[in-house]
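**Student:** So here's my_file15.txt (compact mmCIF, C-alpha atoms).
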# COMPACT_ATOMS: atom_id res chain seq x y z
CA MET A 1 0.00 0.00 0.00
CA THR A 2 1.23 3.48 -0.79
CA ALA A 3 1.57 6.27 1.71
CA MET A 4 -1.21 8.65 2.65
CA HIS A 5 -3.15 10.24 -0.21
CA SER A 6 -3.35 13.98 -0.78
CA ARG A 7 -6.13 16.28 0.49
CA GLY A 8 -9.59 14.67 0.48
CA ALA A 9 -8.36 11.58 -1.40
CA GLU A 10 -10.41 8.39 -1.33
CA ARG A 11 -9.10 4.84 -1.47
CA LEU A 12 -11.32 2.03 -2.63
CA LEU A 13 -10.06 -1.19 -1.06
CA GLY A 14 -12.87 -3.51 -2.10
CA VAL A 15 -16.16 -3.84 -3.88
CA ALA A 16 -18.73 -1.07 -4.16
CA GLY A 17 -20.99 -0.79 -1.13
CA SER A 18 -18.22 -1.57 1.35
CA PRO A 19 -18.06 0.36 4.64
CA HIS A 20 -16.92 3.93 4.11
CA LEU A 21 -14.79 5.56 6.84
CA LEU A 22 -13.36 9.05 7.18
CA LEU A 23 -9.96 9.14 8.90
CA VAL A 24 -8.91 12.55 10.21
CA GLU A 25 -5.22 12.31 11.09
CA ASP A 26 -2.45 14.87 10.46
CA ASP A 27 0.45 12.48 11.15
CA PRO A 28 1.28 10.60 7.90
CA GLY A 29 2.86 7.71 9.81
CA ASP A 30 -0.19 7.20 12.03
CA ALA A 31 -2.53 7.54 9.06
CA PHE A 32 -0.58 4.90 7.13
CA LEU A 33 -0.62 2.57 10.14
CA PHE A 34 -4.37 2.87 10.58
CA GLU A 35 -4.98 2.26 6.90
CA GLU A 36 -2.84 -0.86 7.06
CA LEU A 37 -4.70 -2.12 10.12
CA LEU A 38 -8.07 -1.46 8.55
CA SER A 39 -7.26 -3.10 5.24
CA GLU A 40 -5.87 -6.11 7.06
CA ALA A 41 -9.02 -6.62 9.12
CA GLN A 42 -11.60 -5.42 6.56
CA PRO A 43 -10.30 -5.83 3.01
CA GLY A 44 -13.43 -4.17 1.56
CA VAL A 45 -13.26 -0.98 3.58
CA ARG A 46 -13.26 2.42 1.86
CA ILE A 47 -11.15 5.11 3.50
CA THR A 48 -11.21 8.84 2.91
CA VAL A 49 -8.26 10.57 4.58
CA ALA A 50 -8.16 14.19 5.75
CA THR A 51 -5.30 15.95 7.55
CA THR A 52 -7.29 18.80 9.08
CA LEU A 53 -10.78 19.28 10.44
CA ALA A 54 -11.56 21.66 7.58
CA GLU A 55 -10.61 18.96 5.06
CA ALA A 56 -12.70 16.43 6.95
CA ILE A 57 -15.78 18.65 6.93
CA ASP A 58 -15.32 19.21 3.21
CA ALA A 59 -15.00 15.45 2.65
CA LEU A 60 -18.20 14.49 4.51
CA ARG A 61 -20.57 12.41 2.37
CA PRO A 62 -23.94 10.74 3.12
CA ASP A 63 -22.46 7.24 2.76
CA ILE A 64 -19.75 7.73 5.40
CA GLN A 65 -20.62 5.52 8.36
CA CYS A 66 -17.90 6.44 10.84
CA VAL A 67 -15.43 9.27 11.39
CA ILE A 68 -12.15 8.38 13.14
CA VAL A 69 -10.75 11.68 14.35
CA ASP A 70 -7.48 12.54 16.10
CA LEU A 71 -8.08 14.99 18.94
CA SER A 72 -4.82 16.80 18.14
CA LEU A 73 -5.27 18.50 14.77
CA PRO A 74 -3.66 21.65 13.33
CA ASP A 75 -6.98 23.53 13.24
CA ALA A 76 -8.80 21.93 16.21
CA ASP A 77 -7.61 20.49 19.48
CA GLY A 78 -9.17 18.29 22.14
CA LEU A 79 -12.91 18.26 22.55
CA ASP A 80 -13.28 21.20 20.19
CA ALA A 81 -12.48 18.85 17.29
CA LEU A 82 -15.21 16.47 18.46
CA ARG A 83 -17.81 19.18 18.98
CA ARG A 84 -17.24 20.66 15.54
CA MET A 85 -17.33 17.27 13.87
CA ARG A 86 -20.60 16.40 15.61
CA GLU A 87 -22.00 19.77 14.58
CA TYR A 88 -21.33 19.03 10.91
CA ALA A 89 -22.04 15.30 11.04
CA PRO A 90 -24.68 14.75 13.75
CA SER A 91 -25.88 11.43 12.31
CA ILE A 92 -22.46 9.81 11.78
CA ALA A 93 -20.65 7.69 14.38
CA VAL A 94 -17.49 9.32 15.75
CA LEU A 95 -14.49 7.38 17.09
CA VAL A 96 -11.77 9.54 18.67
CA LEU A 97 -8.02 8.87 18.83
CA THR A 98 -5.84 9.96 21.75
CA GLY A 99 -2.25 9.59 22.80
CA LEU A 100 -1.20 7.48 25.76
CA ALA A 101 -0.86 10.53 27.96
CA ASP A 102 -4.32 11.82 26.99
CA ALA A 103 -6.44 8.73 27.64
CA HIS A 104 -8.58 10.75 30.08
CA VAL A 105 -9.54 13.02 27.16
CA GLY A 106 -11.02 9.98 25.41
CA VAL A 107 -13.30 9.35 28.37
CA GLU A 108 -14.37 12.98 28.29
CA ALA A 109 -14.99 12.68 24.55
CA VAL A 110 -17.36 9.76 25.06
CA ALA A 111 -19.20 11.81 27.68
CA ALA A 112 -19.38 14.65 25.13
CA GLY A 113 -21.00 12.48 22.45
CA ALA A 114 -18.35 10.29 20.83
CA GLN A 115 -19.31 6.65 20.42
CA ASP A 116 -15.92 5.35 21.63
CA TYR A 117 -12.21 6.24 21.92
CA LEU A 118 -8.92 4.49 21.18
CA VAL A 119 -5.42 5.06 22.50
CA LYS A 120 -3.15 5.01 19.44
CA GLN A 121 -0.37 3.01 21.08
CA ASP A 122 -2.77 0.21 22.07
CA VAL A 123 -4.50 -0.30 18.71
CA ASP A 124 -4.32 -3.50 16.68
CA SER A 125 -6.46 -4.58 13.74
CA ALA A 126 -8.93 -6.63 15.80
CA LEU A 127 -9.44 -3.89 18.38
CA LEU A 128 -9.84 -1.23 15.67
CA THR A 129 -12.39 -3.29 13.78
CA ARG A 130 -14.43 -4.00 16.90
CA ALA A 131 -14.32 -0.35 17.95
CA ILE A 132 -15.54 0.84 14.53
CA SER A 133 -18.35 -1.73 14.43
CA TYR A 134 -19.37 -0.85 17.98
CA ALA A 135 -19.33 2.87 17.22
CA ILE A 136 -21.53 2.46 14.16
CA GLU A 137 -24.05 0.24 15.93
CA ARG A 138 -24.13 2.43 19.03
CA LYS A 139 -24.79 5.47 16.85
CA ARG A 140 -27.62 3.64 15.12
CA ALA A 141 -29.08 2.69 18.48
CA ASP A 142 -28.72 6.24 19.78
CA GLU A 143 -30.36 7.61 16.65
CA SER A 144 -33.22 5.11 16.90
CA GLU A 145 -33.75 6.02 20.54
CA ARG A 146 -33.69 9.73 19.71
CA GLN A 147 -36.27 9.25 16.96
CA LEU A 148 -38.42 7.17 19.30
CA VAL A 149 -38.28 9.85 22.00
CA GLU A 150 -39.17 12.53 19.45
CA ALA A 151 -42.00 10.40 18.06
CA ARG A 152 -43.41 9.81 21.55
CA ALA A 153 -43.17 13.50 22.38
CA LEU A 154 -44.89 14.40 19.11
CA SER A 155 -47.53 11.75 19.71
CA ARG A 156 -48.24 13.12 23.20
CA GLU A 157 -48.43 16.66 21.84
CA ASN A 158 -50.79 15.58 19.04
CA ALA A 159 -52.92 13.65 21.53
CA ARG A 160 -53.24 16.73 23.77
CA LEU A 161 -54.14 18.82 20.74
CA GLU A 162 -56.72 16.34 19.50
CA ARG A 163 -58.27 15.94 22.95
CA GLY A 164 -58.58 19.71 23.14
CA LEU A 165 -60.42 19.74 19.82
CA LEU A 166 -62.99 17.11 20.79
CA PRO A 167 -66.36 18.69 21.65
CA VAL A 168 -67.65 19.33 25.15
CA PRO A 169 -71.45 19.63 24.86
CA ILE A 170 -73.21 22.72 26.16
CA LEU A 171 -76.25 21.07 27.69
CA LYS A 172 -77.99 22.18 30.90
CA ASP A 173 -81.29 20.33 30.56
CA THR A 174 -81.10 17.43 33.02
CA THR A 175 -84.20 15.78 31.52
CA LEU A 176 -82.18 14.91 28.44
CA ARG A 177 -79.76 11.99 28.26
CA HIS A 178 -76.79 12.53 25.96
CA HIS A 179 -74.53 9.65 24.86
CA THR A 180 -71.80 9.79 22.23
CA ARG A 181 -69.17 7.49 20.80
CA TYR A 182 -66.35 8.66 18.59
CA ARG A 183 -63.62 6.65 16.91
CA PRO A 184 -61.37 7.67 14.01
CA GLY A 185 -60.46 5.18 11.33
CA ARG A 186 -56.76 6.20 11.44
CA ASP A 187 -54.45 4.07 13.57
CA ARG A 188 -53.25 5.69 16.81
CA ALA A 189 -55.39 8.80 16.21
CA LEU A 190 -57.93 10.48 18.45
CA LEU A 191 -59.56 12.61 15.78
CA GLY A 192 -60.99 11.77 12.37
CA GLY A 193 -63.00 13.51 9.66
CA ASP A 194 -66.31 12.79 11.44
CA PHE A 195 -67.58 15.28 14.00
CA HIS A 196 -70.52 15.96 16.28
CA ASP A 197 -71.58 18.62 18.76
CA THR A 198 -74.49 19.60 21.00
CA VAL A 199 -75.41 23.12 22.13
CA GLU A 200 -78.31 24.37 24.26
CA THR A 201 -78.98 28.04 23.54
CA GLY A 202 -80.44 30.71 25.78
CA ASP A 203 -83.96 30.28 24.39
CA GLY A 204 -84.03 26.68 25.64
CA ALA A 205 -83.64 25.02 22.24
CA VAL A 206 -81.11 22.21 21.90
CA HIS A 207 -79.10 22.04 18.68
CA VAL A 208 -77.29 18.93 17.50
CA VAL A 209 -74.97 18.36 14.55
CA ILE A 210 -73.23 15.33 13.15
CA GLY A 211 -71.07 15.39 10.02
CA ASP A 212 -68.62 13.46 7.91
CA VAL A 213 -65.86 14.97 5.77
CA SER A 214 -65.11 12.82 2.73
CA GLY A 215 -61.93 10.82 3.18
CA HIS A 216 -60.16 10.00 6.45
CA GLY A 217 -56.83 11.47 7.43
CA ALA A 218 -55.20 14.35 9.27
CA ASP A 219 -56.39 16.93 6.71
CA GLU A 220 -59.95 15.66 6.91
CA ALA A 221 -59.79 15.72 10.72
CA SER A 222 -58.61 19.33 10.63
CA LEU A 223 -61.43 20.32 8.27
CA GLY A 224 -63.97 18.51 10.43
CA VAL A 225 -62.84 20.47 13.48
CA ARG A 226 -63.12 23.76 11.59
CA LEU A 227 -66.64 22.94 10.42
CA ARG A 228 -67.74 21.88 13.90
CA MET A 229 -66.39 25.02 15.49
CA ALA A 230 -68.00 27.14 12.76
CA TRP A 231 -71.31 25.37 13.43
CA ARG A 232 -71.07 26.01 17.17
CA THR A 233 -70.21 29.68 16.65
CA LEU A 234 -73.11 30.17 14.24
CA VAL A 235 -75.58 28.41 16.56
CA LEU A 236 -74.52 30.52 19.52
CA ALA A 237 -74.97 33.60 17.30
CA GLY A 238 -78.56 32.57 16.61
CA HIS A 239 -78.30 30.90 13.18
CA THR A 240 -80.20 27.70 12.47
CA GLY A 241 -81.58 25.63 9.65
CA ALA A 242 -80.97 26.26 5.95
CA ARG A 243 -79.30 29.62 6.60
CA LEU A 244 -76.75 27.92 8.84
CA LEU A 245 -76.06 25.24 6.22
CA ASP A 246 -75.60 27.91 3.55
CA THR A 247 -72.89 29.51 5.67
CA LEU A 248 -71.22 26.19 6.45
CA ASP A 249 -71.22 25.38 2.75
CA ALA A 250 -69.35 28.63 2.12
CA VAL A 251 -66.90 27.82 4.94
CA LEU A 252 -66.25 24.38 3.44
CA GLN A 253 -65.60 25.79 -0.02
CA HIS A 254 -63.09 28.29 1.37
CA GLU A 255 -61.33 25.84 3.71
CA ARG A 256 -61.09 22.70 1.59
CA TRP A 257 -57.96 21.93 -0.46
CA SER A 258 -59.78 20.34 -3.41
CA ASP A 259 -63.10 20.86 -5.14
CA GLU A 260 -63.72 17.13 -4.73
CA ILE A 261 -63.98 17.40 -0.94
CA PHE A 262 -67.55 17.35 0.37
CA THR A 263 -69.22 16.91 3.74
CA THR A 264 -72.43 15.18 4.70
CA MET A 265 -74.21 16.72 7.64
CA CYS A 266 -77.33 16.37 9.75
CA THR A 267 -78.52 19.19 12.01
CA LEU A 268 -81.31 18.95 14.54
CA THR A 269 -83.04 21.67 16.56
CA ILE A 270 -85.19 20.42 19.44
CA ALA A 271 -87.86 22.81 20.65
CA PRO A 272 -87.71 24.17 24.22
CA ASP A 273 -90.74 22.03 25.19
CA ARG A 274 -88.83 18.95 23.90
CA ARG A 275 -91.92 17.66 22.06
CA SER A 276 -90.91 18.55 18.52
CA ALA A 277 -87.79 19.01 16.43
CA ARG A 278 -86.69 20.30 13.05
CA LEU A 279 -84.20 18.23 11.05
CA HIS A 280 -82.02 19.21 8.10
CA ARG A 281 -80.09 16.54 6.21
CA ALA A 282 -77.35 17.34 3.74
CA GLY A 283 -76.58 14.00 2.09
CA HIS A 284 -76.34 12.34 5.50
CA PRO A 285 -77.76 8.97 6.64
CA ARG A 286 -81.25 9.04 8.17
CA PRO A 287 -81.39 9.15 11.99
CA LEU A 288 -83.31 6.52 13.92
CA PHE A 289 -86.28 7.53 16.06
CA PHE A 290 -87.02 5.59 19.26
CA GLY A 291 -90.52 5.95 20.67
CA PRO A 292 -93.30 4.06 22.44
CA GLY A 293 -94.10 2.30 19.18
CA GLY A 294 -90.57 0.99 18.67
CA VAL A 295 -87.78 2.05 16.30
CA GLU A 296 -88.05 3.57 12.84
CA PRO A 297 -85.90 5.76 10.63
CA VAL A 298 -87.05 9.32 10.11
CA ALA A 299 -88.66 10.05 6.75
CA ASP A 300 -86.29 10.12 3.79
CA GLU A 301 -87.78 13.29 2.35
CA PRO A 302 -87.23 16.13 2.32
CA HIS A 303 -83.44 16.41 2.31
CA GLY A 304 -80.66 18.14 0.37
CA PRO A 305 -77.26 17.20 -1.07
CA ALA A 306 -73.99 17.12 0.83
CA LEU A 307 -72.18 20.39 1.40
CA GLY A 308 -69.62 21.37 -1.21
CA LEU A 309 -71.26 19.67 -4.20
CA PHE A 310 -73.65 22.17 -5.78
CA PRO A 311 -73.81 25.96 -5.39
CA GLY A 312 -77.06 27.62 -4.47
CA VAL A 313 -79.03 24.51 -3.44
CA ASP A 314 -81.71 24.26 -0.78
CA TRP A 315 -81.68 22.14 2.35
CA PRO A 316 -85.36 21.73 3.24
CA ALA A 317 -86.51 20.99 6.77
CA LEU A 318 -88.25 17.90 8.11
CA ASP A 319 -90.45 18.57 11.14
CA LEU A 320 -90.65 15.77 13.70
CA GLU A 321 -93.27 15.18 16.38
CA LEU A 322 -91.44 13.64 19.32
CA GLY A 323 -94.00 13.26 22.07
CA ASP A 324 -93.17 12.90 25.76
CA ALA A 325 -90.67 10.03 25.58
CA TRP A 326 -88.31 9.68 22.66
CA GLY A 327 -84.82 8.99 21.47
CA LEU A 328 -82.93 10.12 18.35
CA LEU A 329 -79.84 8.28 17.14
CA LEU A 330 -77.57 10.21 14.77
CA TYR A 331 -74.55 8.48 13.26
CA THR A 332 -72.05 8.66 10.43
CA ASP A 333 -71.82 6.10 7.65
CA GLY A 334 -68.85 4.43 9.34
CA LEU A 335 -71.42 2.57 11.45
CA ILE A 336 -73.35 1.13 8.51
CA GLU A 337 -70.71 0.61 5.82
CA GLY A 338 -69.18 -2.49 7.37
CA SER A 339 -70.06 -5.82 5.80
CA ALA A 340 -72.92 -7.99 6.99
CA GLY A 341 -72.72 -11.25 5.13
CA ASP A 342 -72.68 -10.65 1.38
CA ASP A 343 -73.62 -6.97 1.59
CA TYR A 344 -73.15 -3.82 3.66
CA LEU A 345 -75.00 -3.44 6.94
CA ASP A 346 -76.62 -0.24 5.65
CA LEU A 347 -79.68 1.42 7.17
CA ALA A 348 -81.86 -1.69 6.94
CA GLY A 349 -79.35 -3.77 8.87
CA LEU A 350 -78.84 -1.09 11.53
CA LEU A 351 -82.59 -0.74 11.93
CA GLU A 352 -82.94 -4.47 12.51
CA LEU A 353 -80.17 -4.44 15.12
CA ALA A 354 -81.73 -1.41 16.84
CA LYS A 355 -85.15 -3.03 16.98
CA ILE A 356 -83.74 -6.14 18.63
CA ALA A 357 -81.67 -4.16 21.15
CA TYR A 358 -84.49 -1.73 21.94
CA GLY A 359 -86.97 -4.59 22.30
CA ASP A 360 -84.61 -6.23 24.79
CA GLY A 361 -84.75 -3.13 26.94
CA ARG A 362 -81.33 -1.65 26.11
CA ARG A 363 -81.12 2.09 26.51
CA GLY A 364 -78.51 4.85 26.60
CA GLU A 365 -74.84 3.94 26.35
CA ILE A 366 -75.65 0.22 26.57
CA LEU A 367 -77.74 0.58 23.42
CA VAL A 368 -75.05 2.59 21.59
CA ASP A 369 -72.17 0.29 22.55
CA GLY A 370 -74.22 -2.76 21.68
CA LEU A 371 -75.02 -1.47 18.18
CA ILE A 372 -71.34 -0.73 17.49
CA ALA A 373 -70.24 -4.10 18.86
CA GLU A 374 -72.82 -5.96 16.78
CA ALA A 375 -71.83 -4.04 13.62
CA GLU A 376 -68.22 -5.04 14.24
CA ARG A 377 -69.17 -8.66 14.87
CA LEU A 378 -70.99 -8.82 11.55
CA ASN A 379 -68.09 -7.08 9.85
CA GLY A 380 -65.65 -9.64 11.26
CA ASP A 381 -63.29 -6.91 12.48
CA VAL A 382 -63.23 -3.35 13.75
CA LEU A 383 -64.96 -0.88 11.45
CA ALA A 384 -62.42 0.71 9.13
CA ASP A 385 -64.02 4.12 8.57
CA ASP A 386 -64.30 7.05 10.97
CA LEU A 387 -67.24 6.58 13.30
CA ALA A 388 -69.42 9.01 15.26
CA VAL A 389 -72.65 8.16 17.07
CA LEU A 390 -74.85 10.50 19.13
CA LEU A 391 -77.95 9.42 21.03
CA LEU A 392 -80.19 12.07 22.60
CA SER A 393 -83.21 10.84 24.53
CA ARG A 394 -85.91 11.92 26.96
CA GLY A 395 -88.23 10.02 29.25
CA GLU A 396 -88.39 6.23 29.13
CA ALA A 397 -87.51 5.92 25.44
Is it possible to express this structure as structure tokens?
**Tutor:**
Amino acid sequence: MTAMHSRGAERLLGVAGSPHLLLVEDDPGDAFLFEELLSEAQPGVRITVATTLAEAIDALRPDIQCVIVDLSLPDADGLDALRRMREYAPSIAVLVLTGLADAHVGVEAVAAGAQDYLVKQDVDSALLTRAISYAIERKRADESERQLVEARALSRENARLERGLLPVPILKDTTLRHHTRYRPGRDRALLGGDFHDTVETGDGAVHVVIGDVSGHGADEASLGVRLRMAWRTLVLAGHTGARLLDTLDAVLQHERWSDEIFTTMCTLTIAPDRRSARLHRAGHPRPLFFGPGGVEPVADEPHGPALGLFPGVDWPALDLELGDAWGLLLYTDGLIEGSAGDDYLDLAGLLELAKIAYGDGRRGEILVDGLIAEAERLNGDVLADDLAVLLLSRGEA
């Protein structure tokens, strides 16, 4: 083997794809010795040699796996050489070289972020090879741990954010029972594109909304939150019915990132005497009505299209007579789009499940949880789509 190459030179001592090391050593004799030791132990190793820290920084490449740096360089000395190298190559393993009299500096270097240190006078080919392999693997482990810590921190932050965006109903009427279930289709998420909310206004009316942004992902979840908060703001400002949907349609068109994004929605305003309600459906599945006579879906007509599809459309109202004891189940299509045998569960299947559960005396959260569990049983697995269910009831229904 020839002596040390000139500035930034690279020596290919094997096939392509071999380990690539950067040796930073200003003593030609020591550099030659280390190259000999490395080639003896790892014939396929690639070595780039630099005599100063500046040369080493200039020679850094993405495929370099380990930097072996002398802590006594012309332009950097001691731990300063390590700190600067780590600054420019934070993801590369660093192995430091010290003299016999400076072994304590090697210990300090490891404490400062180096993966290992070697005393030049004690090095042989086996020790050097093990030290390089250890340094590379330790750096990989450190990097994996760092990414895991960052991912956990980000996950906790996202979870706090999503929990803060979930609705807290404004409901003072103690004669009403309010049960909700919410589950996003995304793995490890708390928030999906479905949304719901309940607000009791100063006039005694209770307003309910449930909606479903097309698609399921972080963008859809964000849009769903914006629509829900816009709905709540408009309701508290006194807007209801078709006028409210017109405004939400405008909000959707301004906030969405594609003209193909639409939102189905169902809004319900229950009168202060709790005996009647007005329903508006914008392309959304029909709610179920629970009363003394059993369970039935609300009438299919009248209704309008989903928000974001057609400009200038109407969303007509459906007036409901509730009576003294009643229940209304609002849900998104995630509940009914699972399979049930050879077909989807759909409204007919949900209605059949609800009739059985209601006839068995199930009410409130037991009824809601039972419907979801039975839909999943028929589906053979958890439901894949975002899911929101809201049950509002009064009296014995």
**Student:** Skip Glu376 of chain A itself and residues of its chain fewer than 6 positions away, then list as number ranges by chain all residues within 8 Å of it, counting all atoms listed in the file.
**Tutor:** A: 338, 382-383
**Student:** Smallest atom-to-atom distance to Leu244 of chain A: which of A:Ala109, A:Leu378, A:Val225, A:Ala282, using all atoms listed in the file?
**Tutor:** A:Ala282
**Student:** Using only C-alpha atoms, which of the listed residues (A:Gly359, A:Pro167, A:Gly113, A:Gly312) sits closest to Val295 of chain A?
**Tutor:**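 So, comparing all the options, the nearest one is A:Gly359.
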**Student:** Please compute the atom CA of Asp324 of chain A-atom CA of Thr175 of chain A distance, one decimal, in Å.
**Tutor:**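 Going from atom CA of Asp324 of chain A over to atom CA of Thr175 of chain A covers 11.0 Å.
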**Student:** Let me make sure I understand: among A:Gly380, A:Gly291, A:Gly99, A:Pro302, which one has the smallest atom-to-atom distance to Glu321 of chain A if we use only C-alpha atoms?
**Tutor:**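 For Glu321 of chain A, the nearest of the candidates is A:Gly291.
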**Student:** Using Å and a single decimal, report how far atom CA of Leu38 of chain A sits from atom CA of Glu87 of chain A.
**Tutor:**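 Calculated distance between atom CA of Glu87 of chain A and atom CA of Leu38 of chain A is 26.1 Å.
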**Student:** Would you list the contacts of segment 217-223 of chain A as a list of chain:residue names, taking every protein, DNA or RNA residue within 8 Å and counting only C-alpha atoms, but skipping same-chain residues closer than 3 positions in sequence?
**Tutor:**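 Residues near the query, excluding close chain neighbours: A:Arg186, A:Leu191, A:Gly192, A:Gly193, A:Asp194, A:Val213, A:Ser214, A:Arg226, A:Leu227, A:Leu252, A:Glu255, A:Arg256.
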**Student:** Those residues you just picked out, can you put them in a file as a tab-separated table (two decimals), in the coordinates of the input with C-alpha atoms?
**Tutor:**
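File written: selection.tsv
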chain	number	residue	atom	x	y	z
A	186	ARG	CA	-56.76	6.20	11.44
A	191	LEU	CA	-59.56	12.61	15.78
A	192	GLY	CA	-60.99	11.77	12.37
A	193	GLY	CA	-63.00	13.51	9.66
A	194	ASP	CA	-66.31	12.79	11.44
A	213	VAL	CA	-65.86	14.97	5.77
A	214	SER	CA	-65.11	12.82	2.73
A	226	ARG	CA	-63.12	23.76	11.59
A	227	LEU	CA	-66.64	22.94	10.42
A	252	LEU	CA	-66.25	24.38	3.44
A	255	GLU	CA	-61.33	25.84	3.71
A	256	ARG	CA	-61.09	22.70	1.59
